[in-house]
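Everything below belongs to run_17.tsv, which stores TSV, C-alpha atoms.
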chain	number	residue	atom	x	y	z
U	1	MET	CA	-2.14	-99.80	-146.78
U	2	ALA	CA	-3.79	-96.95	-144.95
U	3	PHE	CA	-2.84	-97.32	-141.27
U	4	SER	CA	-1.01	-99.69	-138.95
U	5	GLU	CA	-0.60	-100.31	-135.29
U	6	GLY	CA	2.18	-98.30	-133.71
U	7	LEU	CA	3.37	-98.54	-130.13
U	8	VAL	CA	3.28	-95.20	-128.35
U	9	GLY	CA	6.46	-93.69	-126.93
U	10	SER	CA	7.36	-94.16	-123.29
U	11	ASN	CA	8.13	-90.50	-122.47
U	12	GLU	CA	10.60	-91.87	-119.90
U	13	GLY	CA	13.89	-91.00	-121.60
U	14	ILE	CA	14.88	-94.67	-121.52
U	15	ARG	CA	15.70	-96.68	-124.65
U	16	LYS	CA	13.11	-99.42	-125.15
U	17	PRO	CA	12.55	-101.58	-128.23
U	18	TYR	CA	9.82	-100.37	-130.60
U	19	VAL	CA	8.59	-97.44	-128.48
U	20	THR	CA	11.68	-95.21	-128.65
U	21	GLY	CA	13.68	-94.09	-131.64
U	22	ALA	CA	16.83	-92.34	-132.75
U	23	ASN	CA	17.80	-88.98	-134.23
U	24	LYS	CA	20.74	-89.11	-136.63
U	25	ASP	CA	22.50	-86.30	-138.50
U	26	GLY	CA	23.87	-86.65	-141.99
U	27	LEU	CA	21.47	-89.20	-143.48
U	28	ALA	CA	19.99	-88.75	-146.94
U	29	ALA	CA	16.22	-88.32	-146.94
U	30	GLN	CA	15.79	-90.55	-150.02
U	31	GLN	CA	12.93	-92.84	-149.05
U	32	ASP	CA	11.83	-94.32	-152.38
U	33	VAL	CA	13.22	-97.81	-151.95
U	34	THR	CA	12.80	-98.59	-155.64
U	35	GLN	CA	15.10	-95.69	-156.57
U	36	ASN	CA	17.99	-96.22	-154.18
U	37	THR	CA	17.96	-99.41	-152.15
U	38	ALA	CA	21.61	-99.03	-151.14
U	39	THR	CA	20.93	-95.64	-149.51
U	40	ILE	CA	17.92	-97.03	-147.67
U	41	MET	CA	19.89	-99.99	-146.33
U	42	SER	CA	22.74	-97.69	-145.27
U	43	ASN	CA	20.27	-95.39	-143.49
U	44	LEU	CA	18.70	-98.35	-141.67
U	45	GLN	CA	22.10	-99.47	-140.40
U	46	ALA	CA	22.93	-95.91	-139.29
U	47	CYS	CA	19.61	-95.77	-137.42
U	48	ASN	CA	20.43	-99.11	-135.74
U	49	THR	CA	23.84	-97.84	-134.64
U	50	ARG	CA	22.44	-94.54	-133.37
U	51	PHE	CA	19.60	-96.27	-131.52
U	52	ALA	CA	22.08	-98.55	-129.75
U	53	ASN	CA	24.01	-95.53	-128.44
U	54	ALA	CA	21.29	-92.89	-128.02
U	55	THR	CA	20.52	-91.44	-124.61
U	56	ALA	CA	17.96	-88.95	-123.34
U	57	GLY	CA	19.01	-85.53	-124.64
U	58	SER	CA	21.44	-87.06	-127.11
U	59	GLY	CA	19.66	-88.66	-130.01
U	60	LEU	CA	16.93	-90.60	-128.20
U	61	SER	CA	13.32	-89.80	-129.09
U	62	ASP	CA	10.53	-91.21	-126.98
U	63	ASN	CA	7.28	-89.38	-127.71
U	64	ARG	CA	5.92	-91.30	-130.70
U	65	GLY	CA	2.15	-91.00	-130.91
U	66	LYS	CA	1.91	-88.58	-128.01
U	67	TYR	CA	0.26	-85.89	-130.12
U	68	TRP	CA	-1.59	-88.11	-132.59
U	69	ALA	CA	-3.88	-85.29	-133.78
U	70	TRP	CA	-0.89	-83.44	-135.25
U	71	GLY	CA	-0.88	-85.86	-138.17
U	72	SER	CA	2.90	-85.70	-138.40
U	73	GLU	CA	4.99	-88.63	-139.54
U	74	SER	CA	5.69	-90.32	-136.24
U	75	MET	CA	2.64	-89.16	-134.35
U	76	SER	CA	-0.03	-90.82	-136.47
U	77	LEU	CA	1.54	-92.18	-139.68
U	78	PHE	CA	3.95	-94.99	-140.61
U	79	SER	CA	6.25	-95.96	-143.46
U	80	THR	CA	6.66	-99.26	-145.25
U	81	ILE	CA	10.43	-99.44	-145.13
U	82	VAL	CA	11.03	-101.66	-142.09
U	83	PRO	CA	8.75	-104.75	-141.81
U	84	PRO	CA	6.33	-104.72	-138.84
U	85	THR	CA	7.88	-105.19	-135.40
U	86	SER	CA	11.18	-106.11	-137.03
U	87	THR	CA	13.64	-108.08	-134.92
U	88	GLN	CA	16.50	-106.54	-136.93
U	89	TYR	CA	15.42	-102.89	-136.55
U	90	LYS	CA	14.04	-102.57	-133.02
U	91	TRP	CA	13.60	-98.80	-132.96
U	92	GLY	CA	10.17	-97.31	-133.51
U	93	GLN	CA	11.24	-94.30	-135.56
U	94	CYS	CA	14.36	-92.62	-136.93
U	95	ARG	CA	14.63	-88.91	-137.70
U	96	PHE	CA	17.40	-87.52	-139.89
U	97	GLY	CA	19.23	-84.26	-139.25
U	98	CYS	CA	18.17	-83.81	-135.65
U	99	GLU	CA	20.78	-85.69	-133.64
U	100	GLY	CA	20.97	-83.00	-130.96
U	101	CYS	CA	17.19	-82.80	-130.56
U	102	GLY	CA	15.74	-83.85	-127.24
U	103	ALA	CA	13.63	-86.85	-126.32
U	104	GLY	CA	10.41	-85.19	-127.52
U	105	SER	CA	11.51	-85.08	-131.14
U	106	SER	CA	9.73	-87.98	-132.82
U	107	ASP	CA	7.30	-85.77	-134.71
U	108	HIS	CA	8.99	-85.55	-138.11
U	109	ALA	CA	10.73	-88.93	-138.23
U	110	ASN	CA	11.86	-90.00	-141.70
U	111	ILE	CA	11.23	-93.68	-141.00
U	112	THR	CA	8.38	-94.71	-138.72
U	113	ASN	CA	7.86	-98.42	-138.23
U	114	ALA	CA	4.63	-100.38	-137.84
U	115	THR	CA	4.93	-101.87	-134.36
U	116	SER	CA	2.74	-103.93	-132.07
U	117	ASN	CA	2.71	-106.01	-128.91
U	118	HIS	CA	1.26	-108.90	-130.90
U	119	PRO	CA	3.87	-111.63	-131.21
U	120	GLY	CA	5.10	-112.04	-134.77
U	121	GLY	CA	3.66	-108.97	-136.50
U	122	CYS	CA	0.96	-106.30	-136.44
U	123	ASN	CA	-2.42	-105.40	-137.85
U	124	VAL	CA	-2.69	-103.02	-140.79
U	125	LEU	CA	-5.70	-101.39	-142.39
U	126	MET	CA	-5.73	-101.98	-146.12
U	127	GLY	CA	-7.04	-99.49	-148.66
U	128	ASP	CA	-10.18	-101.58	-149.20
U	129	GLY	CA	-11.12	-101.31	-145.52
U	130	SER	CA	-10.06	-104.82	-144.53
U	131	VAL	CA	-7.64	-105.43	-141.67
U	132	ARG	CA	-4.80	-107.91	-142.11
U	133	PHE	CA	-2.22	-109.29	-139.73
U	134	ILE	CA	1.18	-108.81	-141.35
U	135	LYS	CA	3.97	-111.09	-140.13
U	136	SER	CA	7.30	-109.73	-138.93
U	137	SER	CA	9.00	-112.39	-141.00
U	138	LEU	CA	7.68	-110.80	-144.18
U	139	ALA	CA	10.40	-110.27	-146.78
U	140	MET	CA	11.42	-106.64	-146.92
U	141	ASN	CA	10.77	-106.34	-150.67
U	142	ILE	CA	7.17	-107.59	-150.18
U	143	TRP	CA	6.60	-104.96	-147.45
U	144	TRP	CA	7.98	-102.32	-149.80
U	145	ALA	CA	5.66	-103.49	-152.59
U	146	LEU	CA	2.63	-103.44	-150.29
U	147	GLY	CA	3.37	-99.84	-149.43
U	148	SER	CA	3.65	-98.49	-152.95
U	149	LYS	CA	1.95	-98.71	-156.30
U	150	GLY	CA	4.97	-97.09	-157.94
U	151	GLY	CA	6.77	-100.35	-158.72
U	152	ASN	CA	3.71	-101.92	-160.39
U	153	GLU	CA	4.32	-105.15	-158.46
U	154	VAL	CA	1.57	-107.70	-158.14
U	155	VAL	CA	1.69	-109.13	-154.63
U	156	SER	CA	-0.11	-112.38	-153.94
U	157	ALA	CA	-2.14	-112.46	-150.71
U	158	ASP	CA	-0.26	-115.59	-149.59
U	159	SER	CA	2.99	-113.55	-149.58
U	160	PHE	CA	1.99	-111.77	-146.41

Step by step, read the file and then write its structure as structure tokens.
Amino acid sequence: MAFSEGLVGSNEGIRKPYVTGANKDGLAAQQDVTQNTATIMSNLQACNTRFANATAGSGLSDNRGKYWAWGSESMSLFSTIVPPTSTQYKWGQCRFGCEGCGAGSSDHANITNATSNHPGGCNVLMGDGSVRFIKSSLAMNIWWALGSKGGNEVVSADSF
């Protein structure tokens, strides 16, 4: 996958699903899900907990996509860790090691989710130039496989 939809931050300092995120100290930046799934799952839960309690000026980030030309992780890129517009992980991005950063701190998020206002998923641009609608109900391991060639998985088109 090359690109996905991503809802832009609200810049309002108010926690909103999919457009705001969380900053959390103390998380390991291990993002290869094939190498350490337990760490990834632990990080996702920590991001959920932090997002639920984050406030403006204390762990809430709300500027995703604001400076898209920067090319930084949460401004114009995404990761294939959390399935698109997940109902389990409703934050748009999570940045590690920056818990005290202000609301404008989405730029170097470690996990940036594909998000959309489309019900049930989002559109992604595939490496061959085609655009596919990927369902939110997609199994997490299929999303991981779509985002990497490292595991040598063969993913059938009817899986997503």

Which residues are close to region 116-124 of chain U, i.e. within 9 Å by all atoms listed in the file, leaving aside same-chain residues fewer than 6 positions away? Reply as a PDB file with C-alpha atoms, keeping the file's coordinate frame.
ATOM      1  CA  MET U   1      -2.140 -99.800-146.780  1.00  0.00           C
ATOM      2  CA  ALA U   2      -3.790 -96.950-144.950  1.00  0.00           C
ATOM      3  CA  PHE U   3      -2.840 -97.320-141.270  1.00  0.00           C
ATOM      4  CA  SER U   4      -1.010 -99.690-138.950  1.00  0.00           C
ATOM      5  CA  GLU U   5      -0.600-100.310-135.290  1.00  0.00           C
ATOM      6  CA  GLY U   6       2.180 -98.300-133.710  1.00  0.00           C
ATOM      7  CA  LEU U   7       3.370 -98.540-130.130  1.00  0.00           C
ATOM      8  CA  TYR U  18       9.820-100.370-130.600  1.00  0.00           C
ATOM      9  CA  PRO U  83       8.750-104.750-141.810  1.00  0.00           C
ATOM     10  CA  PRO U  84       6.330-104.720-138.840  1.00  0.00           C
ATOM     11  CA  THR U  85       7.880-105.190-135.400  1.00  0.00           C
ATOM     12  CA  SER U  86      11.180-106.110-137.030  1.00  0.00           C
ATOM     13  CA  SER U 130     -10.060-104.820-144.530  1.00  0.00           C
ATOM     14  CA  VAL U 131      -7.640-105.430-141.670  1.00  0.00           C
ATOM     15  CA  ARG U 132      -4.800-107.910-142.110  1.00  0.00           C
ATOM     16  CA  PHE U 133      -2.220-109.290-139.730  1.00  0.00           C
ATOM     17  CA  ILE U 134       1.180-108.810-141.350  1.00  0.00           C
ATOM     18  CA  LYS U 135       3.970-111.090-140.130  1.00  0.00           C
ATOM     19  CA  SER U 136       7.300-109.730-138.930  1.00  0.00           C
ATOM     20  CA  SER U 137       9.000-112.390-141.000  1.00  0.00           C
ATOM     21  CA  LEU U 138       7.680-110.800-144.180  1.00  0.00           C
TER      22      LEU U 138
END

Kindly indicate which residue among U:Met75, U:Ala22, U:Ala145, U:Ala157 lies nearest to Gly97 (chain U), using all atoms listed in the file for the distances. U:Ala22

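Using only C-alpha atoms, the set of residues no farther than 6 Å from the position (13.8, -100.5, -130.2) comprises Lys16, Pro17, Tyr18, Thr20, Lys90, Trp91 and Gly92 of chain U.
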
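Across U:Ala52, U:Met126, U:Ala103, U:Ala139, the tightest approach to Ile81 (chain U) is made by U:Ala139 when counting all atoms listed in the file.
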
Residues around (9.0, -93.7, -122.1), cut-off 10 Å, counting only C-alpha atoms - what are they as an MDAnalysis selection string? chainID U and resid 8:16 19:20 61:64 103

Suppose you want the space between CA of Leu44 (chain U) and CA of Phe78 (chain U); what is it in Å? 15.2 Å

Using all atoms of region 96-109 of chain U listed in the file and a margin of 5 Å per side, can you give the axis-aligned box centre and edge lengths in Å to one decimal, as lines of an AutoDock Vina configuration file?
center_x = 14.1
center_y = -85.9
center_z = -133.1
size_x = 23.7
size_y = 16.1
size_z = 23.6

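Our summary of the geometry notes that CA of Gly147 (chain U) is positioned 19.3 Å from CA of Gln88 (chain U).
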
Top pick for closest residue to Ala56 (chain U), considering U:Met41, U:Cys101, U:Ala114, U:Ala109 and counting all atoms listed in the file: U:Cys101

Between U:Leu146, U:Ala69, U:Val82, U:Leu60, which residue has the minimum interatomic distance to Cys98 (chain U), considering only C-alpha atoms? U:Leu60

Between CA of Asn48 (chain U) and CA of Tyr89 (chain U), what is the spacing in Å? 6.3 Å

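Nearest to Asn110 (chain U) of all the residues U:Ile40, U:Arg50, U:Lys149, U:Gln35 is U:Ile40, counting all atoms listed in the file.
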
Using all atoms listed in the file, which of the listed residues (U:Asn53, U:Thr39, U:Thr87, U:Thr115) sits closest to Ser74 (chain U)? U:Thr115

Can you tell me, as a PDB file with C-alpha atoms, in the coordinates of the input, what residues are no more than 6 Å from Ser76 (chain U) when counting all atoms listed in the file, ignoring any on the same chain fewer than 4 positions away?
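As a result, around_8.pdb now contains:
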ATOM      1  CA  GLY U  65       2.150 -91.000-130.910  1.00  0.00           C
ATOM      2  CA  TRP U  68      -1.590 -88.110-132.590  1.00  0.00           C
ATOM      3  CA  GLY U  71      -0.880 -85.860-138.170  1.00  0.00           C
TER       4      GLY U  71
END

Export region 118-152 of chain U from the structure block above, keeping N, CA and C atoms, as a PDB file, in the first residue's frame.
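Ended up saving to decode-v1.pdb:
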ATOM      1  N   HIS U 118     -15.924   7.427   5.723  1.00  0.00           N
ATOM      2  CA  HIS U 118     -16.727   6.381   5.091  1.00  0.00           C
ATOM      3  C   HIS U 118     -17.124   5.355   6.144  1.00  0.00           C
ATOM      4  N   PRO U 119     -18.375   4.966   6.195  1.00  0.00           N
ATOM      5  CA  PRO U 119     -18.753   3.942   7.168  1.00  0.00           C
ATOM      6  C   PRO U 119     -18.118   2.600   6.814  1.00  0.00           C
ATOM      7  N   GLY U 120     -17.481   1.975   7.791  1.00  0.00           N
ATOM      8  CA  GLY U 120     -16.982   0.620   7.606  1.00  0.00           C
ATOM      9  C   GLY U 120     -15.605   0.468   7.007  1.00  0.00           C
ATOM     10  N   GLY U 121     -14.827   1.544   6.844  1.00  0.00           N
ATOM     11  CA  GLY U 121     -13.480   1.381   6.311  1.00  0.00           C
ATOM     12  C   GLY U 121     -12.948   2.636   5.658  1.00  0.00           C
ATOM     13  N   CYS U 122     -11.937   2.460   4.799  1.00  0.00           N
ATOM     14  CA  CYS U 122     -11.357   3.606   4.095  1.00  0.00           C
ATOM     15  C   CYS U 122     -10.728   3.152   2.782  1.00  0.00           C
ATOM     16  N   ASN U 123     -10.450   4.117   1.944  1.00  0.00           N
ATOM     17  CA  ASN U 123      -9.794   3.846   0.666  1.00  0.00           C
ATOM     18  C   ASN U 123      -8.286   3.890   0.841  1.00  0.00           C
ATOM     19  N   VAL U 124      -7.594   2.965   0.182  1.00  0.00           N
ATOM     20  CA  VAL U 124      -6.136   2.972   0.173  1.00  0.00           C
ATOM     21  C   VAL U 124      -5.652   2.853  -1.262  1.00  0.00           C
ATOM     22  N   LEU U 125      -4.517   3.480  -1.521  1.00  0.00           N
ATOM     23  CA  LEU U 125      -3.869   3.387  -2.816  1.00  0.00           C
ATOM     24  C   LEU U 125      -2.876   2.246  -2.758  1.00  0.00           C
ATOM     25  N   MET U 126      -3.037   1.286  -3.627  1.00  0.00           N
ATOM     26  CA  MET U 126      -2.144   0.132  -3.663  1.00  0.00           C
ATOM     27  C   MET U 126      -0.903   0.467  -4.499  1.00  0.00           C
ATOM     28  N   GLY U 127       0.119  -0.322  -4.356  1.00  0.00           N
ATOM     29  CA  GLY U 127       1.364  -0.104  -5.071  1.00  0.00           C
ATOM     30  C   GLY U 127       1.233  -0.177  -6.580  1.00  0.00           C
ATOM     31  N   ASP U 128       0.195  -0.860  -7.078  1.00  0.00           N
ATOM     32  CA  ASP U 128       0.003  -0.965  -8.530  1.00  0.00           C
ATOM     33  C   ASP U 128      -0.824   0.181  -9.094  1.00  0.00           C
ATOM     34  N   GLY U 129      -1.189   1.139  -8.246  1.00  0.00           N
ATOM     35  CA  GLY U 129      -1.958   2.303  -8.683  1.00  0.00           C
ATOM     36  C   GLY U 129      -3.456   2.161  -8.526  1.00  0.00           C
ATOM     37  N   SER U 130      -3.935   0.990  -8.163  1.00  0.00           N
ATOM     38  CA  SER U 130      -5.374   0.809  -7.960  1.00  0.00           C
ATOM     39  C   SER U 130      -5.766   1.314  -6.578  1.00  0.00           C
ATOM     40  N   VAL U 131      -7.028   1.666  -6.423  1.00  0.00           N
ATOM     41  CA  VAL U 131      -7.554   2.109  -5.141  1.00  0.00           C
ATOM     42  C   VAL U 131      -8.544   1.068  -4.664  1.00  0.00           C
ATOM     43  N   ARG U 132      -8.416   0.664  -3.416  1.00  0.00           N
ATOM     44  CA  ARG U 132      -9.300  -0.342  -2.837  1.00  0.00           C
ATOM     45  C   ARG U 132      -9.927   0.182  -1.560  1.00  0.00           C
ATOM     46  N   PHE U 133     -11.174  -0.204  -1.333  1.00  0.00           N
ATOM     47  CA  PHE U 133     -11.828   0.098  -0.067  1.00  0.00           C
ATOM     48  C   PHE U 133     -11.492  -1.042   0.882  1.00  0.00           C
ATOM     49  N   ILE U 134     -10.864  -0.725   1.991  1.00  0.00           N
ATOM     50  CA  ILE U 134     -10.484  -1.730   2.985  1.00  0.00           C
ATOM     51  C   ILE U 134     -11.430  -1.618   4.173  1.00  0.00           C
ATOM     52  N   LYS U 135     -12.048  -2.729   4.526  1.00  0.00           N
ATOM     53  CA  LYS U 135     -13.045  -2.749   5.595  1.00  0.00           C
ATOM     54  C   LYS U 135     -12.408  -2.632   6.976  1.00  0.00           C
ATOM     55  N   SER U 136     -13.104  -1.965   7.870  1.00  0.00           N
ATOM     56  CA  SER U 136     -12.659  -1.849   9.262  1.00  0.00           C
ATOM     57  C   SER U 136     -12.657  -3.200   9.960  1.00  0.00           C
ATOM     58  N   SER U 137     -13.472  -4.089   9.505  1.00  0.00           N
ATOM     59  CA  SER U 137     -13.589  -5.406  10.120  1.00  0.00           C
ATOM     60  C   SER U 137     -12.468  -6.359   9.708  1.00  0.00           C
ATOM     61  N   LEU U 138     -11.559  -5.875   8.902  1.00  0.00           N
ATOM     62  CA  LEU U 138     -10.425  -6.665   8.444  1.00  0.00           C
ATOM     63  C   LEU U 138      -9.644  -7.211   9.638  1.00  0.00           C
ATOM     64  N   ALA U 139      -9.268  -8.479   9.578  1.00  0.00           N
ATOM     65  CA  ALA U 139      -8.465  -9.059  10.654  1.00  0.00           C
ATOM     66  C   ALA U 139      -7.117  -8.340  10.730  1.00  0.00           C
ATOM     67  N   MET U 140      -6.674  -8.092  11.935  1.00  0.00           N
ATOM     68  CA  MET U 140      -5.454  -7.331  12.134  1.00  0.00           C
ATOM     69  C   MET U 140      -4.255  -7.968  11.427  1.00  0.00           C
ATOM     70  N   ASN U 141      -4.142  -9.300  11.463  1.00  0.00           N
ATOM     71  CA  ASN U 141      -2.998  -9.940  10.817  1.00  0.00           C
ATOM     72  C   ASN U 141      -3.030  -9.778   9.291  1.00  0.00           C
ATOM     73  N   ILE U 142      -4.199  -9.641   8.686  1.00  0.00           N
ATOM     74  CA  ILE U 142      -4.292  -9.391   7.241  1.00  0.00           C
ATOM     75  C   ILE U 142      -3.825  -7.965   6.944  1.00  0.00           C
ATOM     76  N   TRP U 143      -4.229  -7.004   7.767  1.00  0.00           N
ATOM     77  CA  TRP U 143      -3.782  -5.614   7.603  1.00  0.00           C
ATOM     78  C   TRP U 143      -2.262  -5.539   7.721  1.00  0.00           C
ATOM     79  N   TRP U 144      -1.713  -6.256   8.698  1.00  0.00           N
ATOM     80  CA  TRP U 144      -0.261  -6.273   8.860  1.00  0.00           C
ATOM     81  C   TRP U 144       0.404  -6.847   7.614  1.00  0.00           C
ATOM     82  N   ALA U 145      -0.147  -7.926   7.091  1.00  0.00           N
ATOM     83  CA  ALA U 145       0.443  -8.567   5.901  1.00  0.00           C
ATOM     84  C   ALA U 145       0.350  -7.658   4.682  1.00  0.00           C
ATOM     85  N   LEU U 146      -0.740  -6.923   4.539  1.00  0.00           N
ATOM     86  CA  LEU U 146      -0.875  -6.001   3.412  1.00  0.00           C
ATOM     87  C   LEU U 146       0.160  -4.879   3.465  1.00  0.00           C
ATOM     88  N   GLY U 147       0.599  -4.551   4.662  1.00  0.00           N
ATOM     89  CA  GLY U 147       1.526  -3.447   4.826  1.00  0.00           C
ATOM     90  C   GLY U 147       2.993  -3.824   4.778  1.00  0.00           C
ATOM     91  N   SER U 148       3.298  -5.076   4.578  1.00  0.00           N
ATOM     92  CA  SER U 148       4.693  -5.498   4.596  1.00  0.00           C
ATOM     93  C   SER U 148       4.934  -6.653   3.643  1.00  0.00           C
ATOM     94  N   LYS U 149       6.095  -6.664   3.057  1.00  0.00           N
ATOM     95  CA  LYS U 149       6.492  -7.830   2.269  1.00  0.00           C
ATOM     96  C   LYS U 149       7.418  -8.713   3.079  1.00  0.00           C
ATOM     97  N   GLY U 150       7.789  -8.246   4.279  1.00  0.00           N
ATOM     98  CA  GLY U 150       8.766  -8.923   5.113  1.00  0.00           C
ATOM     99  C   GLY U 150       8.351 -10.295   5.593  1.00  0.00           C
ATOM    100  N   GLY U 151       7.053 -10.545   5.733  1.00  0.00           N
ATOM    101  CA  GLY U 151       6.599 -11.838   6.227  1.00  0.00           C
ATOM    102  C   GLY U 151       6.360 -12.854   5.126  1.00  0.00           C
ATOM    103  N   ASN U 152       6.517 -12.433   3.881  1.00  0.00           N
ATOM    104  CA  ASN U 152       6.319 -13.304   2.709  1.00  0.00           C
ATOM    105  C   ASN U 152       4.921 -13.914   2.638  1.00  0.00           C
TER     106      ASN U 152
END
